[in-house]
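Novice: Hey, dropping structure23.cif in here, mmCIF, C-alpha atoms:
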data_input
loop_
_atom_site.label_atom_id
_atom_site.label_comp_id
_atom_site.auth_asym_id
_atom_site.auth_seq_id
_atom_site.Cartn_x
_atom_site.Cartn_y
_atom_site.Cartn_z
CA MET A 14 18.78 93.25 22.54
CA LYS A 15 15.06 93.40 22.75
CA ARG A 16 14.80 93.33 18.97
CA ILE A 17 17.16 90.43 18.74
CA PHE A 18 15.24 88.57 21.44
CA SER A 19 11.90 89.31 19.81
CA LEU A 20 13.23 88.26 16.44
CA THR A 21 14.55 85.07 17.93
CA ILE A 22 11.21 84.35 19.51
CA MET A 23 9.42 84.99 16.24
CA LEU A 24 11.81 82.75 14.38
CA LEU A 25 11.35 80.01 16.92
CA ALA A 26 7.57 80.42 16.84
CA GLY A 27 7.59 80.32 13.04
CA SER A 28 9.67 77.20 13.04
CA PHE A 29 7.32 75.62 15.55
CA LEU A 30 4.27 76.63 13.56
CA HIS A 31 5.86 75.33 10.37
CA ALA A 32 6.66 72.06 12.06
CA GLN A 33 3.14 71.81 13.41
CA THR A 34 1.74 72.56 9.97
CA ASP A 35 3.84 69.81 8.37
CA SER A 36 2.80 67.41 11.13
CA ILE A 37 -0.88 68.21 10.57
CA LYS A 38 -0.42 67.78 6.84
CA ASN A 39 1.22 64.35 7.40
CA ILE A 40 -1.62 63.32 9.72
CA VAL A 41 -4.24 64.45 7.21
CA VAL A 42 -2.46 62.59 4.43
CA ALA A 43 -2.15 59.47 6.60
CA ASP A 44 -5.79 59.65 7.61
CA THR A 45 -6.73 60.19 4.00
CA LEU A 46 -4.82 57.07 3.02
CA LYS A 47 -6.53 55.08 5.83
CA MET A 48 -9.96 56.33 4.78
CA ASP A 49 -9.23 55.37 1.20
CA SER A 50 -8.35 51.76 2.28
CA ILE A 51 -11.62 51.25 4.28
CA PRO A 52 -14.79 50.53 2.23
CA ILE A 53 -17.37 53.27 2.25
CA GLY A 54 -20.21 52.65 4.74
CA TYR A 55 -18.36 49.95 6.77
CA LEU A 56 -18.65 50.29 10.53
CA ASP A 57 -17.63 47.35 12.74
CA THR A 58 -20.43 47.81 15.26
CA ALA A 59 -22.39 44.44 14.99
CA LEU A 60 -21.78 41.72 17.56
CA ARG A 61 -20.07 38.74 15.99
CA ILE A 62 -18.01 35.65 16.86
CA THR A 63 -14.59 36.13 15.39
CA ASN A 64 -13.44 32.49 15.48
CA LEU A 65 -16.57 30.42 14.91
CA ASN A 66 -15.74 26.83 13.88
CA PRO A 67 -18.89 25.23 12.39
CA TYR A 68 -17.73 21.58 12.57
CA PHE A 69 -15.89 19.55 15.22
CA THR A 70 -14.82 15.89 15.05
CA LEU A 71 -13.80 14.21 18.26
CA HIS A 72 -12.39 10.78 19.04
CA VAL A 73 -13.90 8.73 21.83
CA ASP A 74 -12.26 9.11 25.26
CA SER A 75 -10.75 12.46 24.30
CA ILE A 76 -11.30 16.05 25.53
CA LEU A 77 -11.94 19.20 23.48
CA ASN A 78 -11.28 22.74 24.77
CA TYR A 79 -12.14 25.49 22.36
CA GLU A 80 -12.66 29.15 23.31
CA PHE A 81 -15.04 31.24 21.22
CA ASN A 82 -14.16 34.95 20.88
CA ILE A 83 -16.34 37.96 20.12
CA ASN A 84 -15.55 41.51 19.12
CA ARG A 85 -16.61 42.72 22.53
CA ASP A 86 -15.58 42.40 26.12
CA ASN A 87 -16.64 38.94 27.43
CA LYS A 88 -17.43 40.43 30.82
CA GLU A 89 -20.59 42.02 29.42
CA PHE A 90 -21.91 38.86 27.72
CA PHE A 91 -23.43 35.47 28.62
CA TRP A 92 -22.76 32.25 26.64
CA PHE A 93 -25.24 29.32 26.42
CA LEU A 94 -26.01 26.12 24.44
CA LEU A 95 -29.28 24.56 23.24
CA ASN A 96 -29.90 20.85 22.36
CA SER A 97 -26.40 19.91 23.37
CA PRO A 98 -25.56 16.18 23.65
CA VAL A 99 -24.32 14.62 26.87
CA GLY A 100 -20.80 15.71 27.79
CA VAL A 101 -20.87 19.03 25.87
CA ARG A 102 -20.91 22.29 27.83
CA ILE A 103 -19.66 25.88 27.52
CA GLY A 104 -18.33 28.47 29.98
CA LYS A 105 -21.06 31.03 30.43
CA ASN A 106 -18.59 33.88 31.09
CA ASP A 107 -15.68 33.15 28.77
CA GLY A 108 -17.23 31.11 25.89
CA ASN A 109 -14.92 28.14 26.43
CA LEU A 110 -16.38 24.99 24.77
CA TYR A 111 -15.61 21.81 26.76
CA VAL A 112 -16.38 18.33 25.37
CA LYS A 113 -15.49 15.03 27.04
CA ALA A 114 -16.46 11.96 24.99
CA GLU A 115 -16.40 9.19 27.56
CA LYS A 116 -16.63 5.65 26.23
CA ALA A 117 -19.24 4.71 28.82
CA LEU A 118 -21.69 7.13 27.20
CA PHE A 119 -21.45 5.22 23.93
CA LYS A 120 -21.81 1.83 25.59
CA THR A 121 -25.00 2.92 27.32
CA GLY A 122 -26.35 4.36 24.08
CA ARG A 123 -26.56 7.98 25.23
CA LEU A 124 -24.09 8.91 22.50
CA LYS A 125 -23.57 7.28 19.11
CA TYR A 126 -20.74 7.16 16.65
CA ASP A 127 -20.80 8.79 13.20
CA ILE A 128 -23.97 10.73 13.90
CA PRO A 129 -23.67 14.54 13.49
CA TYR A 130 -25.10 16.39 16.50
CA ARG A 131 -26.22 19.93 15.68
CA VAL A 132 -25.77 22.22 18.72
CA GLN A 133 -27.34 25.67 19.02
CA LEU A 134 -24.87 28.31 20.32
CA GLY A 135 -25.90 31.67 21.69
CA VAL A 136 -24.28 34.76 23.26
CA GLN A 137 -26.32 37.50 24.96
CA ASN A 138 -25.46 40.98 26.22
CA LEU A 139 -26.26 41.21 29.91
CA HIS A 140 -27.34 44.87 29.71
CA ASN A 141 -28.78 45.18 26.21
CA PRO A 142 -31.35 42.46 25.35
CA THR A 143 -31.25 43.32 21.65
CA GLU A 144 -27.56 42.58 21.34
CA ARG A 145 -27.46 38.83 20.82
CA ILE A 146 -26.09 36.09 18.51
CA ASP A 147 -27.80 32.78 17.69
CA THR A 148 -25.81 30.34 15.58
CA ALA A 149 -24.96 26.63 15.51
CA PHE A 150 -22.11 24.22 15.09
CA THR A 151 -21.94 20.46 14.46
CA ILE A 152 -20.01 17.89 16.45
CA LEU A 153 -19.37 14.28 15.40
CA PHE A 154 -17.85 11.49 17.46
CA TYR A 155 -15.83 8.71 15.93
CA SER A 156 -13.92 5.68 17.09
CA THR A 157 -11.18 3.61 15.55
CA GLU A 158 -12.46 0.56 17.46
CA VAL A 159 -14.99 -1.36 15.38
CA ILE A 160 -17.76 -3.21 17.28
CA VAL A 161 -19.50 -5.60 14.91
CA SER A 162 -23.30 -5.63 15.11
CA LYS A 163 -24.78 -9.02 15.98
CA LEU A 164 -27.88 -10.91 14.92
CA LYS A 165 -30.25 -12.15 17.63
CA PRO A 166 -33.03 -14.49 16.39
CA SER A 167 -36.10 -14.40 18.62
CA THR A 168 -36.10 -18.18 19.12
CA SER A 169 -33.90 -20.91 20.50
CA SER A 170 -30.96 -22.23 18.55
CA THR A 171 -32.65 -25.65 18.08
CA LEU A 172 -36.16 -26.20 16.71
CA THR A 173 -38.06 -29.47 16.19
CA VAL A 174 -40.82 -29.55 13.57
CA GLU A 175 -42.69 -32.10 11.49
CA GLU A 176 -43.42 -32.17 7.81
CA GLY A 177 -46.27 -29.83 6.98
CA ASP A 178 -45.67 -27.60 10.00
CA SER A 179 -44.26 -24.07 9.78
CA ILE A 180 -41.69 -22.08 11.73
CA GLN A 181 -41.74 -18.31 12.16
CA PHE A 182 -39.51 -16.01 14.16
CA ARG A 183 -38.06 -12.51 14.02
CA ILE A 184 -34.41 -11.62 13.34
CA GLN A 185 -33.38 -8.96 15.84
CA CYS A 186 -30.10 -7.04 15.85
CA GLU A 187 -27.71 -5.93 18.54
CA GLU A 188 -26.21 -2.76 17.07
CA GLY A 189 -22.48 -2.12 17.26
CA SER A 190 -20.38 0.56 15.62
CA PHE A 191 -22.35 0.34 12.39
CA PRO A 192 -25.91 -0.98 11.94
CA ILE A 193 -26.60 -4.08 9.88
CA GLU A 194 -27.93 -3.08 6.48
CA GLN A 195 -28.64 -6.44 4.84
CA ILE A 196 -29.25 -10.06 5.85
CA SER A 197 -28.66 -13.12 3.68
CA ILE A 198 -29.48 -16.82 4.24
CA ASN A 199 -27.45 -19.97 3.73
CA SER A 200 -28.81 -23.46 4.51
CA SER A 201 -27.51 -27.01 4.48
CA MET A 202 -30.31 -28.09 2.12
CA PRO A 203 -32.38 -26.23 -0.50
CA LEU A 204 -35.37 -24.47 1.03
CA ALA A 205 -38.74 -23.81 -0.55
CA ASN A 206 -41.85 -21.93 0.56
CA PHE A 207 -39.95 -19.51 2.78
CA ILE A 208 -39.85 -15.74 3.34
CA ALA A 209 -36.37 -14.41 3.98
CA PRO A 210 -35.61 -11.38 6.20
CA LYS A 211 -33.93 -8.44 4.51
CA THR A 212 -33.11 -6.15 7.43
CA CYS A 213 -33.32 -6.17 11.20
CA ASN A 214 -36.70 -6.99 12.81
CA ASP A 215 -37.91 -8.79 9.68
CA GLU A 216 -39.53 -12.21 10.09
CA PHE A 217 -38.34 -15.53 8.74
CA LYS A 218 -41.14 -17.90 7.72
CA TRP A 219 -40.81 -21.45 6.38
CA VAL A 220 -43.50 -24.01 5.68
CA VAL A 221 -41.80 -27.42 5.82
CA PRO A 222 -42.92 -29.29 2.69
CA PHE A 223 -43.86 -32.95 2.49
CA GLY A 224 -41.63 -35.32 0.60
CA ILE A 225 -38.43 -34.70 2.55
CA PHE A 226 -38.62 -38.27 3.83
CA LYS A 227 -38.86 -40.92 1.10
CA GLU A 228 -40.62 -44.26 1.40
CA ASN A 229 -37.34 -46.15 1.66
CA ASP A 230 -35.70 -43.77 4.15
CA THR A 231 -34.61 -45.49 7.35
CA ALA A 232 -33.78 -42.23 9.15
CA ARG A 233 -36.53 -40.98 11.43
CA GLN A 234 -35.24 -37.42 11.46
CA LYS A 235 -33.14 -34.99 9.45
CA ILE A 236 -31.24 -31.89 10.51
CA VAL A 237 -31.18 -28.62 8.59
CA ILE A 238 -28.76 -25.82 9.51
CA ILE A 239 -29.93 -22.33 8.54
CA ASP A 240 -27.31 -19.56 8.71
CA PHE A 241 -28.37 -15.91 8.86
CA ILE A 242 -25.52 -13.63 7.76
CA GLY A 243 -25.76 -9.91 8.52
CA ALA A 244 -23.43 -7.29 7.03
CA ASP A 245 -23.00 -3.54 7.62
CA LYS A 246 -21.93 -0.92 5.09
CA PHE A 247 -18.26 -1.83 5.57
CA TYR A 248 -19.07 -5.56 5.06
CA ASN A 249 -18.34 -6.52 8.64
CA LYS A 250 -20.31 -9.75 9.05
CA ASP A 251 -21.97 -11.66 11.85
CA THR A 252 -23.54 -15.12 11.50
CA SER A 253 -26.29 -16.68 13.60
CA SER A 254 -27.25 -20.34 13.05
CA ILE A 255 -30.54 -22.11 13.72
CA ARG A 256 -30.61 -25.92 13.93
CA VAL A 257 -33.92 -27.35 12.69
CA ILE A 258 -34.70 -31.01 13.43
CA LEU A 259 -37.19 -32.38 10.91
CA LYS A 260 -39.37 -35.40 11.63
CA PRO A 261 -41.77 -37.30 9.37
CA GLY A 262 -45.17 -35.70 9.36
CA ILE A 263 -48.61 -36.52 8.05
CA ASN A 264 -49.74 -35.10 4.75
CA TYR A 265 -53.32 -34.74 5.92
CA PRO A 266 -54.92 -33.80 2.57
CA MET A 267 -53.38 -36.80 0.83
CA ARG A 268 -53.82 -39.19 3.76
CA ASN A 269 -57.46 -38.16 4.13
CA GLN A 270 -58.04 -38.99 0.47
CA VAL A 271 -56.42 -42.40 0.92
CA HIS A 272 -58.54 -43.05 4.01
CA GLN A 273 -61.70 -42.02 2.18
CA ARG A 274 -60.87 -44.35 -0.70
CA VAL A 275 -60.30 -47.29 1.66
CA TYR A 276 -63.43 -46.34 3.63
CA ASP A 277 -65.54 -46.34 0.46
CA GLU A 278 -64.01 -49.64 -0.61
CA MET A 279 -65.03 -51.28 2.68
CA PHE A 280 -68.48 -49.71 2.53
CA TYR A 281 -69.18 -51.15 -0.94
CA TYR A 282 -67.66 -54.46 0.13
CA ILE A 283 -70.12 -54.59 3.04
CA GLN A 284 -72.98 -53.81 0.69
CA ASN A 285 -71.92 -56.67 -1.59
CA MET A 286 -71.71 -58.94 1.42
CA LYS A 287 -75.27 -57.96 2.35
CA LEU A 288 -76.43 -58.77 -1.16
CA THR A 289 -74.61 -62.10 -1.03
CA PHE A 290 -76.28 -62.84 2.29
CA TYR A 291 -79.62 -61.93 0.74
CA VAL A 292 -79.14 -64.35 -2.15
CA VAL A 293 -77.78 -67.21 -0.03
CA SER A 294 -80.44 -66.77 2.64
CA SER A 295 -83.19 -66.64 0.02
CA SER A 296 -81.92 -69.92 -1.46
CA VAL A 297 -81.96 -71.54 1.96
CA LYS A 298 -85.44 -70.20 2.63
CA LYS A 299 -86.74 -71.50 -0.71
CA THR A 300 -85.35 -74.98 -0.08
CA LYS A 301 -86.84 -74.99 3.39
CA ASN A 302 -90.27 -74.11 2.01
CA THR A 303 -90.04 -76.93 -0.54
CA ARG A 304 -89.11 -79.46 2.11
CA THR A 305 -91.94 -78.20 4.28
CA TYR A 306 -94.40 -78.79 1.44
CA PHE A 307 -93.11 -82.35 1.01
CA ASP A 308 -93.41 -83.01 4.75
CA ILE A 309 -96.93 -81.69 4.86
CA GLY A 310 -97.84 -83.68 1.74
CA SER A 311 -96.45 -86.97 3.04
CA SER A 312 -98.06 -86.50 6.42
CA SER A 313 -101.39 -85.57 4.88
CA THR A 314 -101.28 -88.60 2.54
CA ALA A 315 -100.50 -91.00 5.36
CA LEU A 316 -103.21 -89.53 7.58
CA ALA A 317 -105.78 -89.54 4.82
CA GLY A 318 -105.00 -93.20 4.04
CA THR A 319 -105.46 -94.20 7.64
CA ILE A 320 -108.77 -92.37 7.88
CA ILE A 321 -110.06 -93.83 4.63
CA SER A 322 -109.05 -97.42 5.48
CA THR A 323 -110.78 -97.26 8.84
CA THR A 324 -113.98 -95.62 7.63
CA ALA A 325 -114.43 -97.39 4.29
CA THR A 326 -116.63 -100.47 3.80
CA LYS A 327 -114.82 -103.73 4.25
CA GLY A 328 -113.73 -105.22 0.96
CA SER A 329 -114.39 -102.02 -1.01
CA SER A 330 -111.87 -100.21 -3.27
CA ALA A 331 -111.71 -97.28 -0.82
CA GLU A 332 -110.40 -99.61 1.82
CA ASN A 333 -107.66 -100.75 -0.54
CA ILE A 334 -106.75 -97.16 -1.45
CA GLY A 335 -106.58 -96.23 2.25
CA LYS A 336 -104.11 -99.04 2.80
CA ILE A 337 -101.92 -97.82 -0.10
CA MET A 338 -101.83 -94.08 0.76
CA PRO A 339 -99.58 -94.37 3.88
CA SER A 340 -97.02 -96.09 1.72
CA VAL A 341 -97.29 -93.27 -0.80
CA GLY A 342 -96.62 -90.78 2.03
CA LEU A 343 -93.49 -92.70 2.98
CA THR A 344 -92.41 -92.65 -0.65
CA LEU A 345 -92.43 -88.84 -0.69
CA ILE A 346 -89.61 -88.68 1.87
CA PRO A 347 -86.79 -89.87 -0.43
CA VAL A 348 -88.32 -87.79 -3.19
CA LYS A 349 -88.00 -84.74 -0.89
CA GLU A 350 -84.34 -85.47 -0.30
CA GLY A 351 -83.76 -85.77 -4.02
CA VAL A 352 -85.72 -82.69 -5.07
CA ALA A 353 -84.86 -80.34 -2.17
CA PRO A 354 -81.86 -81.60 -0.21
CA ASN A 355 -81.20 -79.88 3.07
CA LYS A 356 -78.70 -76.95 2.49
CA VAL A 357 -76.76 -77.04 5.75
CA GLN A 358 -73.65 -75.54 4.18
CA GLU A 359 -75.58 -72.64 2.71
CA GLN A 360 -77.23 -72.07 6.06
CA ASN A 361 -73.86 -71.91 7.78
CA THR A 362 -72.45 -69.66 5.05
CA ALA A 363 -75.33 -67.23 5.43
CA THR A 364 -74.77 -67.16 9.17
CA GLN A 365 -71.06 -66.47 8.72
CA VAL A 366 -71.67 -63.77 6.11
CA ARG A 367 -74.18 -62.02 8.34
CA ALA A 368 -71.80 -62.11 11.30
CA GLU A 369 -68.97 -60.79 9.11
CA VAL A 370 -71.16 -57.93 7.88
CA ARG A 371 -72.01 -56.97 11.44
CA ARG A 372 -68.33 -57.07 12.42
CA LEU A 373 -67.22 -54.99 9.42
CA GLU A 374 -69.91 -52.41 10.07
CA TYR A 375 -68.60 -52.00 13.59
CA VAL A 376 -65.00 -51.73 12.35
CA LEU A 377 -66.05 -49.15 9.76
CA SER A 378 -67.83 -46.99 12.32
CA GLU A 379 -64.88 -47.17 14.73
CA ASN A 380 -62.38 -46.04 12.11
CA ARG A 381 -64.06 -42.90 10.87
CA LEU A 382 -61.96 -39.71 10.91
CA SER A 383 -62.63 -37.31 13.77
CA GLY A 384 -61.68 -34.25 11.70
CA GLU A 385 -59.52 -32.95 8.90
CA ARG A 386 -56.36 -33.42 11.02
CA ASP A 387 -56.96 -36.72 12.78
CA ILE A 388 -53.58 -37.81 14.10
CA GLU A 389 -54.66 -41.48 13.83
CA VAL A 390 -55.46 -41.27 10.12
CA LEU A 391 -52.59 -43.62 9.24
CA ILE A 392 -53.56 -46.17 11.89
CA LYS A 393 -57.23 -46.11 10.91
CA THR A 394 -56.43 -46.46 7.22
CA LYS A 395 -54.15 -49.43 7.84
CA ARG A 396 -56.74 -51.05 10.11
CA LEU A 397 -59.41 -50.79 7.43
CA GLN A 398 -57.05 -52.21 4.81
CA ASP A 399 -56.16 -55.14 7.06
CA GLU A 400 -59.80 -55.92 7.81
CA ILE A 401 -60.76 -55.89 4.14
CA ARG A 402 -57.84 -58.15 3.27
CA LYS A 403 -58.65 -60.58 6.09
CA SER A 404 -62.33 -60.73 5.14
CA LYS A 405 -61.59 -61.35 1.47
CA LEU A 406 -59.21 -64.17 2.41
CA GLN A 407 -61.85 -65.72 4.67
CA PHE A 408 -64.49 -65.73 1.92
CA VAL A 409 -62.17 -66.25 -1.01
CA ASP A 410 -64.32 -69.16 -2.32
CA LEU A 411 -67.59 -67.30 -1.85
CA PRO A 412 -68.86 -65.89 -5.16
CA MET A 413 -69.80 -62.28 -4.57
CA VAL A 414 -73.06 -61.11 -6.10
CA GLU A 415 -72.97 -57.80 -7.93
CA PHE A 416 -75.77 -55.29 -7.93
CA ASP A 417 -77.85 -55.15 -11.09
CA GLU A 418 -81.40 -54.38 -12.14
CA LYS A 419 -82.68 -57.43 -10.28
CA PHE A 420 -80.93 -56.63 -6.98
CA SER A 421 -80.51 -53.17 -5.43
CA GLU A 422 -78.80 -51.88 -2.31
CA ALA A 423 -82.15 -50.90 -0.83
CA ASP A 424 -83.45 -54.47 -1.13
CA ALA A 425 -80.31 -55.87 0.47
CA ASP A 426 -80.45 -53.39 3.37
CA LYS A 427 -84.17 -53.95 3.90
CA TYR A 428 -83.76 -57.72 3.99
CA PHE A 429 -80.69 -57.51 6.24
CA GLN A 430 -82.52 -55.31 8.77
CA ASP A 431 -85.74 -57.38 8.67
CA PRO A 432 -86.70 -58.33 12.27
CA LYS A 433 -87.69 -61.83 11.15
CA VAL A 434 -84.31 -62.38 9.55
CA ASN A 435 -82.54 -61.03 12.65
CA LYS A 436 -84.59 -63.34 14.83
CA LYS A 437 -83.81 -66.30 12.61
CA TYR A 438 -80.03 -65.72 12.65
CA LYS A 439 -79.80 -64.41 16.18
CA LEU A 440 -77.60 -66.47 18.42
CA LYS A 441 -79.30 -67.98 21.41
CA VAL A 442 -77.54 -68.50 24.69
CA GLN A 443 -79.10 -71.06 27.00
#
What does the file become when written as structure tokens?

Specialist:
Amino acid sequence: MKRIFSLTIMLLAGSFLHAQTDSIKNIVVADTLKMDSIPIGYLDTALRITNLNPYFTLHVDSILNYEFNINRDNKEFFWFLLNSPVGVRIGKNDGNLYVKAEKALFKTGRLKYDIPYRVQLGVQNLHNPTERIDTAFTILFYSTEVIVSKLKPSTSSTLTVEEGDSIQFRIQCEEGSFPIEQISINSSMPLANFIAPKTCNDEFKWVVPFGIFKENDTARQKIVIIDFIGADKFYNKDTSSIRVILKPGINYPMRNQVHQRVYDEMFYYIQNMKLTFYVVSSSVKKTKNTRTYFDIGSSSTALAGTIISTTATKGSSAENIGKIMPSVGLTLIPVKEGVAPNKVQEQNTATQVRAEVRRLEYVLSENRLSGERDIEVLIKTKRLQDEIRKSKLQFVDLPMVEFDEKFSEADADKYFQDPKVNKKYKLKVQ
């Protein structure tokens, strides 16, 4: 019985050992197969994020919940973000990313559409400072609602300018969903001498040219509508209009030339009038001298005859001559009227010419330009033209004397300013 029992035990032990040996062999074979399927030198010991998503897109007024996972226990690690936009945060203990894109943030400008925000993501072991991950992901917000950007000129909607003036203002933009990329211009009349804005914050400049109003135009103003059209990359457009009221202006360079021409014309006309006065006055003076000689001669003859007749011997020839000489003196009077008649008309003409010269000199000095942009240039020019026309009509029958080698401007001015001449033609008030 003992042998049988011992043999039974041995058989059972052998069977057990054989089974154990087969089991070990199967394990070794299985482990060998596993080792063959794993690359040589690979050990999953580095800290890593197993579900990192590098790019998120999120609609406005929506919420994002995304949990990052690592190949470690989250209890031993700390999650954090760097440079995160408003509304983006992460759970420091579980790595849960939470984003809430509120529409108010976009209206206030704290968030913007279609701009990729790069966010730095980090995870740190609380007990081992060297065990850490620093990576990044990108988040972009979008909206299906399109807000068109608007143009805002830095001036009022209505401007009033004159010809020759200029207007200048800046085209500003109120940004919407997409910024304005180009600006074009459309106007109700062709424009010239202008600088057009291309993008936001560019300036519009326009120098209003002369010639918009013609000589036969009855309208005292014209209206020009300038449309500024802005478009974004999707060709969404916004239009802003400026109403420009144009009024007739003064072309100062041209008007100054016209005034100078009329001014010179009056100046030379005055000089000719002075020369005419010089000639007429000289003629009157010459006639007066001749008449004076006749008067002195007749008086001297009559006086000499009286003296001779009273002092001569009675009955002598001297007495007879003395009686004849007073009659000779009386005879010279009609001869004087025939040789040198009194020029009353010439005297009056000289007086009128001198008075006209004085008046025109005063008008000329009063209508000089006060500068290059004298606002009364048109009035002064017309006044000079009217005075010249009126003076020429007044002395239309007076032959004007031209300057030549015999007469010069210096002689005419010297004679006109002579104190004796001024005294002679000066009006006397009694």

Novice: Extract, using only C-alpha atoms, all DNA, RNA and protein residues at most 7 Å from region 136-142 of chain A, discarding same-chain residues fewer than 2 positions from it, and format them as a short mmCIF file (atom, residue, chain, number, x, y, z; two decimals) with C-alpha atoms, in the coordinates of the input.

Specialist:
data_model
loop_
_atom_site.label_atom_id
_atom_site.label_comp_id
_atom_site.auth_asym_id
_atom_site.auth_seq_id
_atom_site.Cartn_x
_atom_site.Cartn_y
_atom_site.Cartn_z
CA GLU A 89 -20.59 42.02 29.42
CA PHE A 90 -21.91 38.86 27.72
CA PHE A 91 -23.43 35.47 28.62
CA TRP A 92 -22.76 32.25 26.64
CA PHE A 93 -25.24 29.32 26.42
CA GLU A 144 -27.56 42.58 21.34
CA ARG A 145 -27.46 38.83 20.82
CA ILE A 146 -26.09 36.09 18.51
CA ASP A 147 -27.80 32.78 17.69
#

Novice: On this structure, the PyMOL selection byres ((chain A and resi 128) around 12) would catch which residues? List them as a PDB file with C-alpha atoms, in the coordinates of the input, sorted by chain and number.

Specialist:
ATOM      1  CA  THR A  70     -14.820  15.890  15.050  1.00  0.00           C
ATOM      2  CA  LEU A  71     -13.800  14.210  18.260  1.00  0.00           C
ATOM      3  CA  PRO A  98     -25.560  16.180  23.650  1.00  0.00           C
ATOM      4  CA  PHE A 119     -21.450   5.220  23.930  1.00  0.00           C
ATOM      5  CA  ARG A 123     -26.560   7.980  25.230  1.00  0.00           C
ATOM      6  CA  LEU A 124     -24.090   8.910  22.500  1.00  0.00           C
ATOM      7  CA  LYS A 125     -23.570   7.280  19.110  1.00  0.00           C
ATOM      8  CA  TYR A 126     -20.740   7.160  16.650  1.00  0.00           C
ATOM      9  CA  ASP A 127     -20.800   8.790  13.200  1.00  0.00           C
ATOM     10  CA  PRO A 129     -23.670  14.540  13.490  1.00  0.00           C
ATOM     11  CA  TYR A 130     -25.100  16.390  16.500  1.00  0.00           C
ATOM     12  CA  ARG A 131     -26.220  19.930  15.680  1.00  0.00           C
ATOM     13  CA  THR A 151     -21.940  20.460  14.460  1.00  0.00           C
ATOM     14  CA  ILE A 152     -20.010  17.890  16.450  1.00  0.00           C
ATOM     15  CA  LEU A 153     -19.370  14.280  15.400  1.00  0.00           C
ATOM     16  CA  PHE A 154     -17.850  11.490  17.460  1.00  0.00           C
ATOM     17  CA  TYR A 155     -15.830   8.710  15.930  1.00  0.00           C
ATOM     18  CA  SER A 156     -13.920   5.680  17.090  1.00  0.00           C
ATOM     19  CA  SER A 190     -20.380   0.560  15.620  1.00  0.00           C
ATOM     20  CA  PHE A 191     -22.350   0.340  12.390  1.00  0.00           C
TER      21      PHE A 191
END

Novice: Could you give me, as a ChimeraX atom specification, the residues within 10 Å of Thr148 (chain A), counting only C-alpha atoms and dropping anything in the same chain fewer than 4 positions from it?

Specialist: /A:62,65,67,94,132-136

Novice: Convert the current residue selection to file output with C-alpha atoms, as a JSON list (two decimals), in the coordinates of the input.

Specialist:
[["chain", "number", "residue", "atom", "x", "y", "z"],
["A", 62, "ILE", "CA", -18.01, 35.65, 16.86],
["A", 65, "LEU", "CA", -16.57, 30.42, 14.91],
["A", 67, "PRO", "CA", -18.89, 25.23, 12.39],
["A", 94, "LEU", "CA", -26.01, 26.12, 24.44],
["A", 132, "VAL", "CA", -25.77, 22.22, 18.72],
["A", 133, "GLN", "CA", -27.34, 25.67, 19.02],
["A", 134, "LEU", "CA", -24.87, 28.31, 20.32],
["A", 135, "GLY", "CA", -25.90, 31.67, 21.69],
["A", 136, "VAL", "CA", -24.28, 34.76, 23.26]]

Novice: With the file shown as input, list the residues that the PyMOL selection byres ((chain A and resi 274-283) around 12) selects, as a ChimeraX atom specification.

Specialist: /A:267-273,284-290,366-382,390-391,393-405,408,413-416,422,425-426,429

Novice: Quick one: everything within 9 Å of Thr168 (chain A), counting all atoms listed in the file, minus sequence neighbours fewer than 3 positions away in the same chain. Send it as a list of chain:residue names.

Specialist: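 My list of contacting residues is A:Lys165, A:Thr171, A:Leu172, A:Gln181, A:Phe182, A:Arg183, A:Ile184, A:Ile255.
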
Novice: CA of Lys120 (chain A) and CA of Gln185 (chain A) are how many Å apart?

Specialist: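 Those two atoms sit 18.6 Å apart.
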
Novice: Neighbouring residues of Arg233 (chain A) were defined as those with any atom within 12 Å, considering all atoms listed in the file; residues of the same chain fewer than 5 positions away were excluded. Please report them as a VMD selection string.

Specialist: chain A and resid 175 to 176 225 to 228 258 to 262

Novice: Pick from A:Val174, A:Ile76, A:Cys213, A:Ile193: nearest to Gln234 (chain A), with all atoms listed in the file counted?

Specialist: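 Using all atoms listed in the file, Gln234 (chain A) sits closest to A:Val174.
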
Novice: Just how far from CA of Phe247 (chain A) is CA of Ser167 (chain A), in Å to one decimal?

Specialist: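 Interatomic distance, CA of Ser167 (chain A) to CA of Phe247 (chain A): 25.4 Å.
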
Novice: Listed atoms of region 183-197 of chain A, axis-aligned box, 4 Å per side: centre and edge lengths to one decimal in Å, as JSON?

Specialist:
{"center_x": -29.2, "center_y": -6.3, "center_z": 11.1, "size_x": 25.7, "size_y": 21.7, "size_z": 22.9}

Novice: What does the distance between CA of Asn214 (chain A) and CA of Gly177 (chain A) come to in Å, to one decimal place?

Specialist: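 Answer for the CA of Asn214 (chain A) to CA of Gly177 (chain A) separation: 25.4 Å.
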